[in-house]
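Structure file upload.pdb; described as PDB, C-alpha atoms.
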MODEL        1
ATOM      1  CA  ALA A   1      -6.390   7.395   6.542  1.00  0.00           C
ATOM      2  CA  GLU A   2      -9.846   6.821   7.935  1.00  0.00           C
ATOM      3  CA  THR A   3     -10.630   9.906   9.974  1.00  0.00           C
ATOM      4  CA  PRO A   4     -13.678  12.049  10.816  1.00  0.00           C
ATOM      5  CA  ALA A   5     -11.504  15.001   9.725  1.00  0.00           C
ATOM      6  CA  MET A   6     -12.279  13.980   6.133  1.00  0.00           C
ATOM      7  CA  GLU A   7     -15.395  16.161   6.554  1.00  0.00           C
ATOM      8  CA  GLN A   8     -13.174  19.231   6.242  1.00  0.00           C
ATOM      9  CA  ILE A   9     -11.681  17.873   3.034  1.00  0.00           C
ATOM     10  CA  THR A  10     -15.110  17.117   1.577  1.00  0.00           C
ATOM     11  CA  LYS A  11     -16.052  20.787   1.949  1.00  0.00           C
ATOM     12  CA  VAL A  12     -13.228  21.604  -0.457  1.00  0.00           C
ATOM     13  CA  PHE A  13     -14.395  18.827  -2.797  1.00  0.00           C
ATOM     14  CA  GLN A  14     -17.889  20.350  -2.758  1.00  0.00           C
ATOM     15  CA  SER A  15     -16.563  23.798  -3.613  1.00  0.00           C
ATOM     16  CA  ILE A  16     -14.501  22.526  -6.550  1.00  0.00           C
ATOM     17  CA  HIS A  17     -17.293  20.246  -7.748  1.00  0.00           C
ATOM     18  CA  ALA A  18     -19.716  23.196  -7.799  1.00  0.00           C
ATOM     19  CA  ASP A  19     -17.467  24.978 -10.333  1.00  0.00           C
ATOM     20  CA  TYR A  20     -16.485  21.826 -12.244  1.00  0.00           C
ATOM     21  CA  PRO A  21     -19.411  19.369 -12.044  1.00  0.00           C
ATOM     22  CA  GLY A  22     -17.685  16.864 -14.334  1.00  0.00           C
ATOM     23  CA  ILE A  23     -14.654  16.427 -12.087  1.00  0.00           C
ATOM     24  CA  GLN A  24     -14.081  13.096 -10.372  1.00  0.00           C
ATOM     25  CA  PHE A  25     -12.205  12.412  -7.159  1.00  0.00           C
ATOM     26  CA  ASN A  26     -10.572   9.009  -6.771  1.00  0.00           C
ATOM     27  CA  ILE A  27      -9.968   8.103  -3.126  1.00  0.00           C
ATOM     28  CA  PHE A  28      -7.627   5.265  -2.141  1.00  0.00           C
ATOM     29  CA  SER A  29      -7.739   3.878   1.404  1.00  0.00           C
ATOM     30  CA  GLY A  30      -4.843   1.853   2.747  1.00  0.00           C
ATOM     31  CA  ASP A  31      -2.149   1.603   5.357  1.00  0.00           C
ATOM     32  CA  ALA A  32       0.755   4.057   5.419  1.00  0.00           C
ATOM     33  CA  ALA A  33       3.132   1.799   3.469  1.00  0.00           C
ATOM     34  CA  SER A  34       0.766   1.367   0.520  1.00  0.00           C
ATOM     35  CA  VAL A  35      -0.117   5.074   0.485  1.00  0.00           C
ATOM     36  CA  PHE A  36       3.539   6.152   0.538  1.00  0.00           C
ATOM     37  CA  GLU A  37       4.317   3.752  -2.290  1.00  0.00           C
ATOM     38  CA  LYS A  38       1.547   5.145  -4.509  1.00  0.00           C
ATOM     39  CA  LEU A  39       2.416   8.737  -3.628  1.00  0.00           C
ATOM     40  CA  ASP A  40       6.113   8.235  -4.396  1.00  0.00           C
ATOM     41  CA  LYS A  41       5.280   6.601  -7.742  1.00  0.00           C
ATOM     42  CA  GLY A  42       3.069   9.541  -8.720  1.00  0.00           C
ATOM     43  CA  LEU A  43      -0.125   7.457  -8.582  1.00  0.00           C
ATOM     44  CA  LEU A  44      -1.601   9.762  -5.924  1.00  0.00           C
ATOM     45  CA  ASP A  45      -1.520  13.558  -5.790  1.00  0.00           C
ATOM     46  CA  PHE A  46      -2.075  13.839  -2.037  1.00  0.00           C
ATOM     47  CA  ALA A  47      -2.177  11.639   1.024  1.00  0.00           C
ATOM     48  CA  VAL A  48      -3.909  11.966   4.392  1.00  0.00           C
ATOM     49  CA  LEU A  49      -1.740  10.379   7.073  1.00  0.00           C
ATOM     50  CA  VAL A  50      -2.079   9.585  10.747  1.00  0.00           C
ATOM     51  CA  GLU A  51       1.661   9.449  11.308  1.00  0.00           C
ATOM     52  CA  ARG A  52       4.249  12.193  11.320  1.00  0.00           C
ATOM     53  CA  PRO A  53       5.597  12.555   7.757  1.00  0.00           C
ATOM     54  CA  ASP A  54       9.133  13.181   6.523  1.00  0.00           C
ATOM     55  CA  TYR A  55       9.228  16.978   6.166  1.00  0.00           C
ATOM     56  CA  ALA A  56      12.397  16.758   4.049  1.00  0.00           C
ATOM     57  CA  LYS A  57      10.641  14.617   1.442  1.00  0.00           C
ATOM     58  CA  TYR A  58       7.085  15.980   1.460  1.00  0.00           C
ATOM     59  CA  ASN A  59       5.171  19.230   1.672  1.00  0.00           C
ATOM     60  CA  VAL A  60       2.963  18.995   4.743  1.00  0.00           C
ATOM     61  CA  ILE A  61      -0.197  20.609   6.047  1.00  0.00           C
ATOM     62  CA  LYS A  62      -1.140  19.607   9.593  1.00  0.00           C
ATOM     63  CA  MET A  63      -4.882  19.337   9.926  1.00  0.00           C
ATOM     64  CA  PRO A  64      -6.314  21.589  12.642  1.00  0.00           C
ATOM     65  CA  GLU A  65      -8.027  18.860  14.679  1.00  0.00           C
ATOM     66  CA  SER A  66      -6.819  15.600  16.158  1.00  0.00           C
ATOM     67  CA  ASP A  67      -8.693  12.310  16.438  1.00  0.00           C
ATOM     68  CA  ARG A  68      -9.468  10.812  19.853  1.00  0.00           C
ATOM     69  CA  TRP A  69      -8.933   7.108  20.554  1.00  0.00           C
ATOM     70  CA  GLY A  70     -11.383   4.958  22.419  1.00  0.00           C
ATOM     71  CA  LEU A  71     -13.040   1.568  22.690  1.00  0.00           C
ATOM     72  CA  VAL A  72     -16.139   0.535  20.744  1.00  0.00           C
ATOM     73  CA  MET A  73     -18.115  -2.257  22.401  1.00  0.00           C
ATOM     74  CA  PRO A  74     -21.610  -3.746  22.593  1.00  0.00           C
ATOM     75  CA  ALA A  75     -23.937  -1.426  24.509  1.00  0.00           C
ATOM     76  CA  GLY A  76     -24.888  -4.193  26.946  1.00  0.00           C
ATOM     77  CA  CYS A  77     -21.405  -5.071  28.173  1.00  0.00           C
ATOM     78  CA  VAL A  78     -20.108  -4.120  31.616  1.00  0.00           C
ATOM     79  CA  LEU A  79     -17.456  -1.699  30.304  1.00  0.00           C
ATOM     80  CA  ALA A  80     -20.168   0.299  28.516  1.00  0.00           C
ATOM     81  CA  GLN A  81     -21.263   1.562  31.949  1.00  0.00           C
ATOM     82  CA  LYS A  82     -17.928   3.383  32.391  1.00  0.00           C
ATOM     83  CA  ASP A  83     -17.232   6.969  31.291  1.00  0.00           C
ATOM     84  CA  CYS A  84     -13.738   6.116  30.053  1.00  0.00           C
ATOM     85  CA  ILE A  85     -11.492   3.101  29.531  1.00  0.00           C
ATOM     86  CA  THR A  86      -8.157   2.554  31.306  1.00  0.00           C
ATOM     87  CA  PHE A  87      -5.339   0.215  30.362  1.00  0.00           C
ATOM     88  CA  GLU A  88      -6.363  -2.215  33.104  1.00  0.00           C
ATOM     89  CA  ASP A  89      -9.867  -2.415  31.592  1.00  0.00           C
ATOM     90  CA  LEU A  90      -8.355  -3.814  28.391  1.00  0.00           C
ATOM     91  CA  LEU A  91      -6.380  -6.636  30.018  1.00  0.00           C
ATOM     92  CA  GLY A  92      -7.656 -10.021  28.901  1.00  0.00           C
ATOM     93  CA  LEU A  93     -10.034  -8.617  26.262  1.00  0.00           C
ATOM     94  CA  PRO A  94      -9.914  -9.745  22.611  1.00  0.00           C
ATOM     95  CA  LEU A  95      -9.086  -6.483  20.825  1.00  0.00           C
ATOM     96  CA  PHE A  96      -9.434  -5.343  17.215  1.00  0.00           C
ATOM     97  CA  CYS A  97      -7.277  -2.457  15.993  1.00  0.00           C
ATOM     98  CA  SER A  98      -5.638  -1.250  12.810  1.00  0.00           C
ATOM     99  CA  GLY A  99      -2.117  -2.615  12.506  1.00  0.00           C
ATOM    100  CA  GLN A 100      -0.746   0.903  12.209  1.00  0.00           C
ATOM    101  CA  GLY A 101      -2.611   2.073  15.317  1.00  0.00           C
ATOM    102  CA  TRP A 102      -1.497  -0.966  17.308  1.00  0.00           C
ATOM    103  CA  HIS A 103       2.190  -0.515  16.470  1.00  0.00           C
ATOM    104  CA  ALA A 104       2.460   3.293  16.256  1.00  0.00           C
ATOM    105  CA  ASP A 105      -0.254   4.984  18.331  1.00  0.00           C
ATOM    106  CA  LEU A 106      -1.167   2.727  21.242  1.00  0.00           C
ATOM    107  CA  PRO A 107       2.448   2.341  22.458  1.00  0.00           C
ATOM    108  CA  LEU A 108       2.423   6.125  22.961  1.00  0.00           C
ATOM    109  CA  TRP A 109      -0.398   5.529  25.433  1.00  0.00           C
ATOM    110  CA  CYS A 110       0.735   2.404  27.255  1.00  0.00           C
ATOM    111  CA  GLY A 111       4.401   1.937  26.312  1.00  0.00           C
ATOM    112  CA  LYS A 112       5.829  -1.580  26.429  1.00  0.00           C
ATOM    113  CA  ARG A 113       2.716  -2.750  28.269  1.00  0.00           C
ATOM    114  CA  ILE A 114       1.154  -3.104  24.807  1.00  0.00           C
ATOM    115  CA  ASN A 115       2.583  -6.639  24.976  1.00  0.00           C
ATOM    116  CA  GLU A 116       0.185  -7.401  27.826  1.00  0.00           C
ATOM    117  CA  LEU A 117      -2.822  -6.765  25.577  1.00  0.00           C
ATOM    118  CA  THR A 118      -4.437  -9.304  23.239  1.00  0.00           C
ATOM    119  CA  LEU A 119      -4.717  -8.313  19.575  1.00  0.00           C
ATOM    120  CA  GLU A 120      -7.492 -10.587  18.310  1.00  0.00           C
ATOM    121  CA  GLY A 121      -7.342  -9.196  14.778  1.00  0.00           C
ATOM    122  CA  SER A 122      -6.270  -6.229  12.703  1.00  0.00           C
ATOM    123  CA  PHE A 123      -8.187  -4.405   9.985  1.00  0.00           C
ATOM    124  CA  ARG A 124      -7.964  -1.539   7.536  1.00  0.00           C
ATOM    125  CA  LEU A 125     -11.575  -0.364   7.723  1.00  0.00           C
ATOM    126  CA  SER A 126     -13.254   0.351  11.045  1.00  0.00           C
ATOM    127  CA  TYR A 127     -16.710  -0.526   9.741  1.00  0.00           C
ATOM    128  CA  ASN A 128     -15.699  -4.138   9.111  1.00  0.00           C
ATOM    129  CA  ALA A 129     -14.231  -4.443  12.600  1.00  0.00           C
ATOM    130  CA  SER A 130     -17.397  -2.913  14.093  1.00  0.00           C
ATOM    131  CA  VAL A 131     -19.448  -5.769  12.614  1.00  0.00           C
ATOM    132  CA  PHE A 132     -17.229  -8.271  14.469  1.00  0.00           C
ATOM    133  CA  THR A 133     -17.601  -6.177  17.620  1.00  0.00           C
ATOM    134  CA  ARG A 134     -21.390  -6.028  17.319  1.00  0.00           C
ATOM    135  CA  GLU A 135     -21.437  -9.828  17.057  1.00  0.00           C
ATOM    136  CA  GLY A 136     -19.495 -10.126  20.336  1.00  0.00           C
ATOM    137  CA  LEU A 137     -16.202 -11.353  18.862  1.00  0.00           C
ATOM    138  CA  GLY A 138     -14.072  -8.613  20.440  1.00  0.00           C
ATOM    139  CA  TYR A 139     -13.654  -4.941  21.279  1.00  0.00           C
ATOM    140  CA  LEU A 140     -12.619  -2.281  18.782  1.00  0.00           C
ATOM    141  CA  LEU A 141      -9.888   0.282  19.483  1.00  0.00           C
ATOM    142  CA  THR A 142     -10.400   3.123  17.021  1.00  0.00           C
ATOM    143  CA  PHE A 143     -11.001   6.837  16.540  1.00  0.00           C
ATOM    144  CA  GLU A 144     -14.191   8.427  17.812  1.00  0.00           C
ATOM    145  CA  HIS A 145     -16.955   8.912  15.204  1.00  0.00           C
ATOM    146  CA  LEU A 146     -15.589   6.384  12.704  1.00  0.00           C
ATOM    147  CA  VAL A 147     -18.347   3.843  13.291  1.00  0.00           C
ATOM    148  CA  ASN A 148     -22.015   4.182  14.081  1.00  0.00           C
ATOM    149  CA  THR A 149     -22.531   4.193  17.850  1.00  0.00           C
ATOM    150  CA  SER A 150     -26.073   5.550  17.849  1.00  0.00           C
ATOM    151  CA  ILE A 151     -28.655   3.907  20.117  1.00  0.00           C
ATOM    152  CA  GLU A 152     -29.919   1.811  17.196  1.00  0.00           C
ATOM    153  CA  SER A 153     -26.415   0.484  16.420  1.00  0.00           C
ATOM    154  CA  GLY A 154     -26.118  -1.565  19.609  1.00  0.00           C
ATOM    155  CA  LEU A 155     -22.582  -0.179  20.065  1.00  0.00           C
ATOM    156  CA  VAL A 156     -21.066   2.483  22.322  1.00  0.00           C
ATOM    157  CA  PHE A 157     -17.776   4.415  22.267  1.00  0.00           C
ATOM    158  CA  ARG A 158     -15.818   5.246  25.416  1.00  0.00           C
ATOM    159  CA  PRO A 159     -12.611   7.313  25.268  1.00  0.00           C
ATOM    160  CA  LEU A 160      -9.308   6.011  26.551  1.00  0.00           C
ATOM    161  CA  TYR A 161      -7.954   7.476  29.784  1.00  0.00           C
ATOM    162  CA  PRO A 162      -5.492   9.088  29.907  1.00  0.00           C
ATOM    163  CA  GLU A 163      -6.589  10.588  26.602  1.00  0.00           C
ATOM    164  CA  LEU A 164      -4.827   9.482  23.431  1.00  0.00           C
ATOM    165  CA  THR A 165      -5.112  11.608  20.290  1.00  0.00           C
ATOM    166  CA  THR A 166      -3.563  11.308  16.843  1.00  0.00           C
ATOM    167  CA  ASP A 167      -2.689  14.195  14.530  1.00  0.00           C
ATOM    168  CA  MET A 168      -3.562  14.130  10.836  1.00  0.00           C
ATOM    169  CA  PHE A 169      -1.442  15.430   7.987  1.00  0.00           C
ATOM    170  CA  ILE A 170      -2.003  16.080   4.292  1.00  0.00           C
ATOM    171  CA  ILE A 171       1.161  15.588   2.281  1.00  0.00           C
ATOM    172  CA  TRP A 172       2.392  15.681  -1.302  1.00  0.00           C
ATOM    173  CA  LYS A 173       5.790  15.186  -2.905  1.00  0.00           C
ATOM    174  CA  LYS A 174       8.252  18.071  -2.892  1.00  0.00           C
ATOM    175  CA  HIS A 175       8.699  19.730  -6.297  1.00  0.00           C
ATOM    176  CA  GLN A 176       5.505  18.110  -7.559  1.00  0.00           C
ATOM    177  CA  VAL A 177       4.079  19.783 -10.677  1.00  0.00           C
ATOM    178  CA  PHE A 178       0.328  20.032 -10.186  1.00  0.00           C
ATOM    179  CA  THR A 179      -2.539  20.600 -12.548  1.00  0.00           C
ATOM    180  CA  PRO A 180      -4.422  23.872 -11.957  1.00  0.00           C
ATOM    181  CA  ILE A 181      -7.227  21.940 -10.247  1.00  0.00           C
ATOM    182  CA  ALA A 182      -4.788  20.311  -7.800  1.00  0.00           C
ATOM    183  CA  GLU A 183      -3.289  23.757  -7.072  1.00  0.00           C
ATOM    184  CA  ARG A 184      -6.775  25.044  -6.326  1.00  0.00           C
ATOM    185  CA  PHE A 185      -7.442  22.078  -4.049  1.00  0.00           C
ATOM    186  CA  ILE A 186      -4.393  22.917  -1.919  1.00  0.00           C
ATOM    187  CA  ALA A 187      -5.231  26.632  -1.812  1.00  0.00           C
ATOM    188  CA  GLU A 188      -8.836  25.999  -0.757  1.00  0.00           C
ATOM    189  CA  LEU A 189      -7.778  23.386   1.763  1.00  0.00           C
ATOM    190  CA  GLN A 190      -5.395  25.843   3.440  1.00  0.00           C
ATOM    191  CA  ALA A 191      -8.149  28.485   3.469  1.00  0.00           C
ATOM    192  CA  GLU A 192     -10.613  26.004   5.034  1.00  0.00           C
ATOM    193  CA  PHE A 193      -8.127  25.015   7.739  1.00  0.00           C
ATOM    194  CA  ASN A 194      -7.269  28.647   8.500  1.00  0.00           C
ATOM    195  CA  LYS A 195     -10.990  29.421   8.809  1.00  0.00           C
ATOM    196  CA  ASN A 196     -11.338  26.647  11.394  1.00  0.00           C
ATOM    197  CA  LYS A 197      -8.418  28.043  13.411  1.00  0.00           C
ATOM    198  CA  ALA A 198     -10.031  31.515  13.610  1.00  0.00           C
TER
ENDMDL
END
structure tokens encoding of this file:
Amino acid sequence: AETPAMEQITKVFQSIHADYPGIQFNIFSGDAASVFEKLDKGLLDFAVLVERPDYAKYNVIKMPESDRWGLVMPAGCVLAQKDCITFEDLLGLPLFCSGQGWHADLPLWCGKRINELTLEGSFRLSYNASVFTREGLGYLLTFEHLVNTSIESGLVFRPLYPELTTDMFIIWKKHQVFTPIAERFIAELQAEFNKNKA
């Protein structure tokens, strides 16, 4: 999953890389279906998900922080003057959103009224959708901090109201036999998450 919470995972990568400078990490980004397929086939050791996993099939660590949903838009548009975005603000707008977010997360926020909204296009990477947004082709529904919304970017982020957040999970197959380095990754990840809870 694309999530700002990856920063916590990179701290563990840094720690392992310091002891084993020759190690390489191969990161695959995709939707849940493609990630589950690769994980189940043994092509991935771990997965970061934005949907609740099957606890009977996978070992699961819930990440300590959630991601907040909002709307990314050109800084000069009328909605950019608001502190937050309501459902009614989205009516009639051409919207970009990940397919998974549109079908799994947003209905938790607006229920069956999702059918009243206009999905202009779906994407897998928020950066690509932000380019379309910057060019005035639509508005991007995404997690906070995934795209550049600095003053120079020409874009702004406004959170949805009522607030919508999504939990993140790290999973791996039950009864998976790991290499020592993968075992260390899990141990350090748990330690990092516990440190953030304290």
(Q) Please report the interatomic distance between CA of Pro94 in chain A and CA of Tyr139 in chain A in Å with one decimal. (A)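 Between CA of Pro94 in chain A and CA of Tyr139 in chain A the gap is 6.2 Å.
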Q: Tell me which residues the PyMOL selection byres ((chain A and resi 147-162) around 8) grabs here, as a ChimeraX atom specification.
A: /A:68-76,80,82-87,109,126-127,130,134,144-146,163-164
Q. Which value, in Å to one decimal, gives the distance between CA of Val50 in chain A and CA of Ser15 in chain A?
A.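 Result for CA of Val50 in chain A versus CA of Ser15 in chain A: 24.9 Å, one decimal.
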**Q.** Residue neighbourhood Val60 in chain A, 7 Å, all atoms listed in the file, exclusion window fewer than 5 positions, as a list in words
**A.** Tyr55, Phe169, Ile170, Ile171 and Trp172 of chain A
Q: Using all atoms listed in the file, pick whichever of A:Phe25, A:Phe13, A:Tyr20, A:Phe46 has the shortest atom-to-atom distance to Gln176 in chain A.
A: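 Among A:Phe25, A:Phe13, A:Tyr20, A:Phe46, it is A:Phe46 that comes nearest to Gln176 in chain A.
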Atoms are missing here; could range 76-90 of chain A be completed with N, CA, C and O atoms and written as a short mmCIF file (atom, residue, chain, number, x, y, z; two decimals), in the coordinates of the input?
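Generated file (result.cif):
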data_model
loop_
_atom_site.label_atom_id
_atom_site.label_comp_id
_atom_site.auth_asym_id
_atom_site.auth_seq_id
_atom_site.Cartn_x
_atom_site.Cartn_y
_atom_site.Cartn_z
N GLY A 76 -24.49 -3.46 25.75
CA GLY A 76 -24.89 -4.19 26.95
C GLY A 76 -23.75 -4.71 27.80
O GLY A 76 -23.99 -5.30 28.86
N CYS A 77 -22.51 -4.51 27.39
CA CYS A 77 -21.40 -5.07 28.17
C CYS A 77 -21.09 -4.20 29.40
O CYS A 77 -21.46 -3.04 29.47
N VAL A 78 -20.39 -4.80 30.34
CA VAL A 78 -20.11 -4.12 31.62
C VAL A 78 -19.30 -2.84 31.41
O VAL A 78 -19.58 -1.81 32.02
N LEU A 79 -18.30 -2.88 30.52
CA LEU A 79 -17.46 -1.70 30.30
C LEU A 79 -18.23 -0.51 29.74
O LEU A 79 -17.82 0.64 29.88
N ALA A 80 -19.36 -0.78 29.09
CA ALA A 80 -20.17 0.30 28.52
C ALA A 80 -20.74 1.21 29.60
O ALA A 80 -21.14 2.34 29.31
N GLN A 81 -20.75 0.74 30.84
CA GLN A 81 -21.26 1.56 31.95
C GLN A 81 -20.24 2.60 32.41
O GLN A 81 -20.57 3.51 33.16
N LYS A 82 -18.99 2.47 31.97
CA LYS A 82 -17.93 3.38 32.39
C LYS A 82 -17.91 4.63 31.51
O LYS A 82 -18.34 4.60 30.36
N ASP A 83 -17.37 5.73 32.06
CA ASP A 83 -17.23 6.97 31.29
C ASP A 83 -15.99 6.95 30.40
O ASP A 83 -15.93 7.64 29.38
N CYS A 84 -14.98 6.20 30.83
CA CYS A 84 -13.74 6.12 30.05
C CYS A 84 -13.09 4.75 30.32
O CYS A 84 -13.47 4.05 31.25
N ILE A 85 -12.11 4.43 29.48
CA ILE A 85 -11.49 3.10 29.53
C ILE A 85 -10.01 3.25 29.88
O ILE A 85 -9.28 4.01 29.22
N THR A 86 -9.56 2.53 30.90
CA THR A 86 -8.16 2.55 31.31
C THR A 86 -7.43 1.34 30.73
O THR A 86 -8.06 0.40 30.23
N PHE A 87 -6.12 1.34 30.84
CA PHE A 87 -5.34 0.22 30.36
C PHE A 87 -5.78 -1.08 31.04
O PHE A 87 -5.93 -2.12 30.40
N GLU A 88 -5.98 -1.01 32.36
CA GLU A 88 -6.36 -2.22 33.10
C GLU A 88 -7.69 -2.80 32.62
O GLU A 88 -7.90 -4.01 32.67
N ASP A 89 -8.59 -1.93 32.12
CA ASP A 89 -9.87 -2.42 31.59
C ASP A 89 -9.67 -3.31 30.37
O ASP A 89 -10.51 -4.17 30.08
N LEU A 90 -8.58 -3.08 29.64
CA LEU A 90 -8.36 -3.81 28.39
C LEU A 90 -7.69 -5.17 28.59
O LEU A 90 -7.68 -6.00 27.68
#
